[in-house]
Amino acid sequence: MTAFRLAVVQLQVSSDKANNLSKVRRLVKEAAGQGSKVVLLPECFNSPYGTSFFSKYAEKIPGESTQMLSEVAKENKLHLVGGSIPEEDSGKLYNTCAVFGPEGELILKHRKIHLFDIDVPGKIRFQESETLSPGNSLSTFDTPFCRVGVGICYDMRFAELAQLYNRKGCQLLVYPGAFNMMTGPAHWELLQRARALDNQMYVATASPARDEAASYVAWGHSTVYLADIRQQIPISSQRRDDLYAVTAMQQGSG
Ligand SMILES: NC(=O)CC(=O)C(=O)O
């Protein structure tokens, strides 16, 4: 891994898609001006986060929002991890992160694998699966600095995914996310620290900025967490592969 500057954009997302896109343009340019080579956007950066919004804001890829991401990555000569947008494909909706390289090329699409379905009586009920379909693929990409593993928000709760990315040689995990005012204070930082510590990898998250007037109030607190003590505490070489293994099943499409 070589040193580079990573920017995490905590965006104030509104119901005005065009305004969200123009803010992204401005903020990525600003991050590039400060020397950033990889920029991470939040989950659902072009739309309010909520099941009632996904179909209205959904786009095909390529489409308006990802075209903007491609242009911005190229203009600023950086890797852009495009948070996520509601994606429409063949009549289904996905929560999808598109990653672009410095020539504006689409490197990968990661569709959220674990949908956010929770029901905490009296506090919060959220069922992404009412409108979204899950992705079925792991997603990694290479930069000149390190290999990166991609998950979206709820994906961060699943330790196995991070372990598989570790086995695939990733040194940085990125999670665009939008935890809320209940799960945020309880788990947001803890999960990042857990994934970083278990795997001795860097972990970065980007959230929409908190908007108390939104129907879903994001916790915010975008973070970069470091656990870079591989040499001193060499757990990767001390693993008992003779006793246990984390393996991926055959990946489907999506
Ligand atoms: N929004 C999510 O996908 C996940 C979340 O908010 C949580 O796990 O808490």
# chains A, B, ... in the order shown; residues from 1 in each chain; ligands from 1

$ residues_near_ligand --ligand "ligand 1" --cutoff "6 Å" --atoms "only C-alpha atoms and all ligand atoms" --output "list in words"
Phe116, Cys153, Tyr154, Ala178, Phe179, Asn180 and Thr183 of chain A

$ closest_atom_pairs --of "region 111-222 of chain A" --to "region 245-249 of chain A" --cutoff "8 Å" --atoms "only C-alpha atoms" --output "CSV"
residue,atom,partner,partner_atom,distance
A:Glu160,CA,A:Val246,CA,6.8
A:Gln163,CA,A:Val246,CA,7.3
A:Leu164,CA,A:Val246,CA,6.8

$ write_last_selection --atoms "N, CA and C atoms" --output "mmCIF file, in the first residue's frame"
data_model
loop_
_atom_site.group_PDB
_atom_site.id
_atom_site.type_symbol
_atom_site.label_atom_id
_atom_site.label_comp_id
_atom_site.auth_asym_id
_atom_site.auth_seq_id
_atom_site.Cartn_x
_atom_site.Cartn_y
_atom_site.Cartn_z
ATOM 1 N N GLU A 160 -18.331 -11.502 7.751
ATOM 2 C CA GLU A 160 -17.791 -12.449 6.756
ATOM 3 C C GLU A 160 -17.401 -11.722 5.467
ATOM 4 N N GLN A 163 -14.111 -10.141 5.899
ATOM 5 C CA GLN A 163 -13.064 -11.170 5.944
ATOM 6 C C GLN A 163 -12.723 -11.659 4.538
ATOM 7 N N LEU A 164 -13.763 -11.830 3.722
ATOM 8 C CA LEU A 164 -13.500 -12.276 2.345
ATOM 9 C C LEU A 164 -12.724 -11.211 1.579
#

$ closest_atom_pairs --of "region 190-247 of chain A" --to "region 124-130 of chain A" --cutoff "12 Å" --atoms "only C-alpha atoms" --output "Markdown table"
| residue | atom | partner | partner_atom | distance |
| --- | --- | --- | --- | --- |
| A:Ser215 | CA | A:Ile124 | CA | 11.4 |
| A:Tyr216 | CA | A:Phe126 | CA | 9.5 |
| A:Val217 | CA | A:Ile124 | CA | 11.0 |

$ write_last_selection --atoms "N, CA and C atoms" --output "CSV table (one decimal), in the first residue's frame"
chain,number,residue,atom,x,y,z
A,215,SER,N,-37.5,12.5,6.5
A,215,SER,CA,-38.3,11.4,7.0
A,215,SER,C,-37.4,10.4,7.7
A,216,TYR,N,-36.2,10.2,7.2
A,216,TYR,CA,-35.2,9.3,7.8
A,216,TYR,C,-34.0,10.2,8.2
A,217,VAL,N,-33.8,10.3,9.5
A,217,VAL,CA,-32.7,11.2,9.9
A,217,VAL,C,-31.4,10.4,10.1

$ residues_around --residues "Asp142 (chain A)" --least-positions-apart "6" --cutoff "10 Å" --atoms "only C-alpha atoms" --output "MDAnalysis selection string"
chainID A and resid 79 101 107 148:149 169:170

$ residues_around --residues "region 38-46 of chain A" --least-positions-apart "6" --cutoff "8 Å" --atoms "only C-alpha atoms" --output "PyMOL selection string"
chain A and resi 4-11+13-14+17+20-21+28+31+57+65+78-86+95+97+152-153+174+176-178+205-208

$ atom_distance --atom1 "CA of Leu93 (chain A)" --atom2 "CA of Ile61 (chain A)"
11.6 Å

$ residues_around --residues "region 223-233 of chain A" --least-positions-apart "5" --cutoff "8 Å" --atoms "only C-alpha atoms" --output "PDB file with N, CA and C atoms, in the first residue's frame"
ATOM      1  N   VAL A   8     -13.720  11.908   2.283  1.00  0.00           N
ATOM      2  CA  VAL A   8     -15.037  11.371   2.592  1.00  0.00           C
ATOM      3  C   VAL A   8     -16.010  12.562   2.535  1.00  0.00           C
ATOM      4  N   GLU A 189     -19.863   3.611  14.816  1.00  0.00           N
ATOM      5  CA  GLU A 189     -18.415   3.635  15.021  1.00  0.00           C
ATOM      6  C   GLU A 189     -17.899   2.249  15.435  1.00  0.00           C
ATOM      7  N   GLN A 192     -17.314  -0.051  12.497  1.00  0.00           N
ATOM      8  CA  GLN A 192     -16.122   0.301  11.713  1.00  0.00           C
ATOM      9  C   GLN A 192     -14.864  -0.150  12.423  1.00  0.00           C
ATOM     10  N   ARG A 193     -14.854   0.055  13.737  1.00  0.00           N
ATOM     11  CA  ARG A 193     -13.683  -0.349  14.508  1.00  0.00           C
ATOM     12  C   ARG A 193     -13.541  -1.869  14.506  1.00  0.00           C
ATOM     13  N   ALA A 196     -12.239  -2.987  11.112  1.00  0.00           N
ATOM     14  CA  ALA A 196     -10.834  -2.578  10.966  1.00  0.00           C
ATOM     15  C   ALA A 196      -9.931  -3.450  11.839  1.00  0.00           C
ATOM     16  N   LEU A 197     -10.366  -3.691  13.061  1.00  0.00           N
ATOM     17  CA  LEU A 197      -9.536  -4.437  14.012  1.00  0.00           C
ATOM     18  C   LEU A 197      -9.418  -5.908  13.632  1.00  0.00           C
ATOM     19  N   GLN A 200      -7.426  -5.907  10.283  1.00  0.00           N
ATOM     20  CA  GLN A 200      -6.241  -5.044  10.200  1.00  0.00           C
ATOM     21  C   GLN A 200      -6.237  -4.291   8.867  1.00  0.00           C
ATOM     22  N   MET A 201      -7.373  -3.672   8.590  1.00  0.00           N
ATOM     23  CA  MET A 201      -7.546  -2.911   7.357  1.00  0.00           C
ATOM     24  C   MET A 201      -8.041  -1.509   7.703  1.00  0.00           C
ATOM     25  N   TYR A 202      -7.850  -0.591   6.752  1.00  0.00           N
ATOM     26  CA  TYR A 202      -8.452   0.727   6.884  1.00  0.00           C
ATOM     27  C   TYR A 202      -9.941   0.618   6.523  1.00  0.00           C
ATOM     28  N   VAL A 203     -10.763   1.369   7.230  1.00  0.00           N
ATOM     29  CA  VAL A 203     -12.204   1.380   6.949  1.00  0.00           C
ATOM     30  C   VAL A 203     -12.668   2.829   6.829  1.00  0.00           C
ATOM     31  N   ALA A 204     -13.390   3.135   5.753  1.00  0.00           N
ATOM     32  CA  ALA A 204     -13.906   4.497   5.570  1.00  0.00           C
ATOM     33  C   ALA A 204     -15.406   4.440   5.319  1.00  0.00           C
ATOM     34  N   THR A 205     -16.129   5.357   5.936  1.00  0.00           N
ATOM     35  CA  THR A 205     -17.578   5.431   5.736  1.00  0.00           C
ATOM     36  C   THR A 205     -17.966   6.864   5.373  1.00  0.00           C
ATOM     37  N   ALA A 206     -18.994   7.000   4.540  1.00  0.00           N
ATOM     38  CA  ALA A 206     -19.523   8.333   4.216  1.00  0.00           C
ATOM     39  C   ALA A 206     -21.031   8.290   4.380  1.00  0.00           C
TER      40      ALA A 206
END

$ select_by_dssp --residues "region 17-121 of chain A" --states "strand (DSSP E or B)" --output "ChimeraX atom specification"
/A:36-40,59,79-89,92-100,106-111,117-120

$ residues_around --residues "Ala214 (chain A)" --least-positions-apart "3" --cutoff "10 Å" --atoms "only C-alpha atoms" --output "ChimeraX atom specification"
/A:13-15,48-50,210-211,217-218

$ closest_residue --among "A:Glu59, A:Glu75, A:Thr2, A:Ser139" --to "Ala32 (chain A)" --atoms "only C-alpha atoms"
A:Glu75

$ closest_residue --among "A:Leu27, A:Ala159, A:Ile118, A:Ala98" --to "Ala194 (chain A)" --atoms "only C-alpha atoms"
A:Ala159

$ closest_residue --among "A:Cys146, A:Leu190, A:Ala3, A:Leu132" --to "Phe53 (chain A)" --atoms "only C-alpha atoms"
A:Leu132

$ decode --residues "region 63-80 of chain A" --atoms "N, CA and C atoms" --output "PDB file, in the first residue's frame"
ATOM      1  N   GLY A  63     -26.759   6.582 -16.485  1.00  0.00           N
ATOM      2  CA  GLY A  63     -27.904   7.489 -16.399  1.00  0.00           C
ATOM      3  C   GLY A  63     -27.382   8.837 -15.922  1.00  0.00           C
ATOM      4  N   GLU A  64     -28.311   9.723 -15.608  1.00  0.00           N
ATOM      5  CA  GLU A  64     -27.919  11.107 -15.290  1.00  0.00           C
ATOM      6  C   GLU A  64     -26.879  11.194 -14.156  1.00  0.00           C
ATOM      7  N   SER A  65     -27.136  10.497 -13.062  1.00  0.00           N
ATOM      8  CA  SER A  65     -26.247  10.638 -11.902  1.00  0.00           C
ATOM      9  C   SER A  65     -24.889   9.991 -12.149  1.00  0.00           C
ATOM     10  N   THR A  66     -24.887   8.811 -12.756  1.00  0.00           N
ATOM     11  CA  THR A  66     -23.595   8.140 -12.974  1.00  0.00           C
ATOM     12  C   THR A  66     -22.815   8.798 -14.115  1.00  0.00           C
ATOM     13  N   GLN A  67     -23.523   9.438 -15.052  1.00  0.00           N
ATOM     14  CA  GLN A  67     -22.829  10.216 -16.088  1.00  0.00           C
ATOM     15  C   GLN A  67     -22.059  11.363 -15.431  1.00  0.00           C
ATOM     16  N   MET A  68     -22.725  12.011 -14.466  1.00  0.00           N
ATOM     17  CA  MET A  68     -22.057  13.096 -13.728  1.00  0.00           C
ATOM     18  C   MET A  68     -20.839  12.550 -12.985  1.00  0.00           C
ATOM     19  N   LEU A  69     -20.973  11.375 -12.339  1.00  0.00           N
ATOM     20  CA  LEU A  69     -19.838  10.805 -11.594  1.00  0.00           C
ATOM     21  C   LEU A  69     -18.661  10.521 -12.529  1.00  0.00           C
ATOM     22  N   SER A  70     -18.978   9.980 -13.693  1.00  0.00           N
ATOM     23  CA  SER A  70     -17.930   9.667 -14.662  1.00  0.00           C
ATOM     24  C   SER A  70     -17.185  10.946 -15.073  1.00  0.00           C
ATOM     25  N   GLU A  71     -17.947  12.000 -15.368  1.00  0.00           N
ATOM     26  CA  GLU A  71     -17.319  13.264 -15.785  1.00  0.00           C
ATOM     27  C   GLU A  71     -16.443  13.838 -14.676  1.00  0.00           C
ATOM     28  N   VAL A  72     -16.981  13.788 -13.448  1.00  0.00           N
ATOM     29  CA  VAL A  72     -16.267  14.384 -12.315  1.00  0.00           C
ATOM     30  C   VAL A  72     -14.977  13.601 -12.018  1.00  0.00           C
ATOM     31  N   ALA A  73     -15.053  12.262 -12.113  1.00  0.00           N
ATOM     32  CA  ALA A  73     -13.843  11.449 -11.890  1.00  0.00           C
ATOM     33  C   ALA A  73     -12.789  11.814 -12.934  1.00  0.00           C
ATOM     34  N   LYS A  74     -13.234  11.965 -14.179  1.00  0.00           N
ATOM     35  CA  LYS A  74     -12.288  12.279 -15.261  1.00  0.00           C
ATOM     36  C   LYS A  74     -11.722  13.698 -15.120  1.00  0.00           C
ATOM     37  N   GLU A  75     -12.608  14.648 -14.874  1.00  0.00           N
ATOM     38  CA  GLU A  75     -12.143  16.047 -14.741  1.00  0.00           C
ATOM     39  C   GLU A  75     -11.098  16.186 -13.633  1.00  0.00           C
ATOM     40  N   ASN A  76     -11.287  15.418 -12.570  1.00  0.00           N
ATOM     41  CA  ASN A  76     -10.410  15.582 -11.397  1.00  0.00           C
ATOM     42  C   ASN A  76      -9.349  14.494 -11.277  1.00  0.00           C
ATOM     43  N   LYS A  77      -9.361  13.569 -12.271  1.00  0.00           N
ATOM     44  CA  LYS A  77      -8.319  12.527 -12.332  1.00  0.00           C
ATOM     45  C   LYS A  77      -8.187  11.752 -11.024  1.00  0.00           C
ATOM     46  N   LEU A  78      -9.308  11.189 -10.579  1.00  0.00           N
ATOM     47  CA  LEU A  78      -9.280  10.425  -9.323  1.00  0.00           C
ATOM     48  C   LEU A  78     -10.250   9.249  -9.384  1.00  0.00           C
ATOM     49  N   HIS A  79     -10.135   8.385  -8.385  1.00  0.00           N
ATOM     50  CA  HIS A  79     -11.100   7.299  -8.234  1.00  0.00           C
ATOM     51  C   HIS A  79     -12.277   7.820  -7.413  1.00  0.00           C
ATOM     52  N   LEU A  80     -13.462   7.623  -7.937  1.00  0.00           N
ATOM     53  CA  LEU A  80     -14.657   8.139  -7.268  1.00  0.00           C
ATOM     54  C   LEU A  80     -15.573   6.966  -6.913  1.00  0.00           C
TER      55      LEU A  80
END
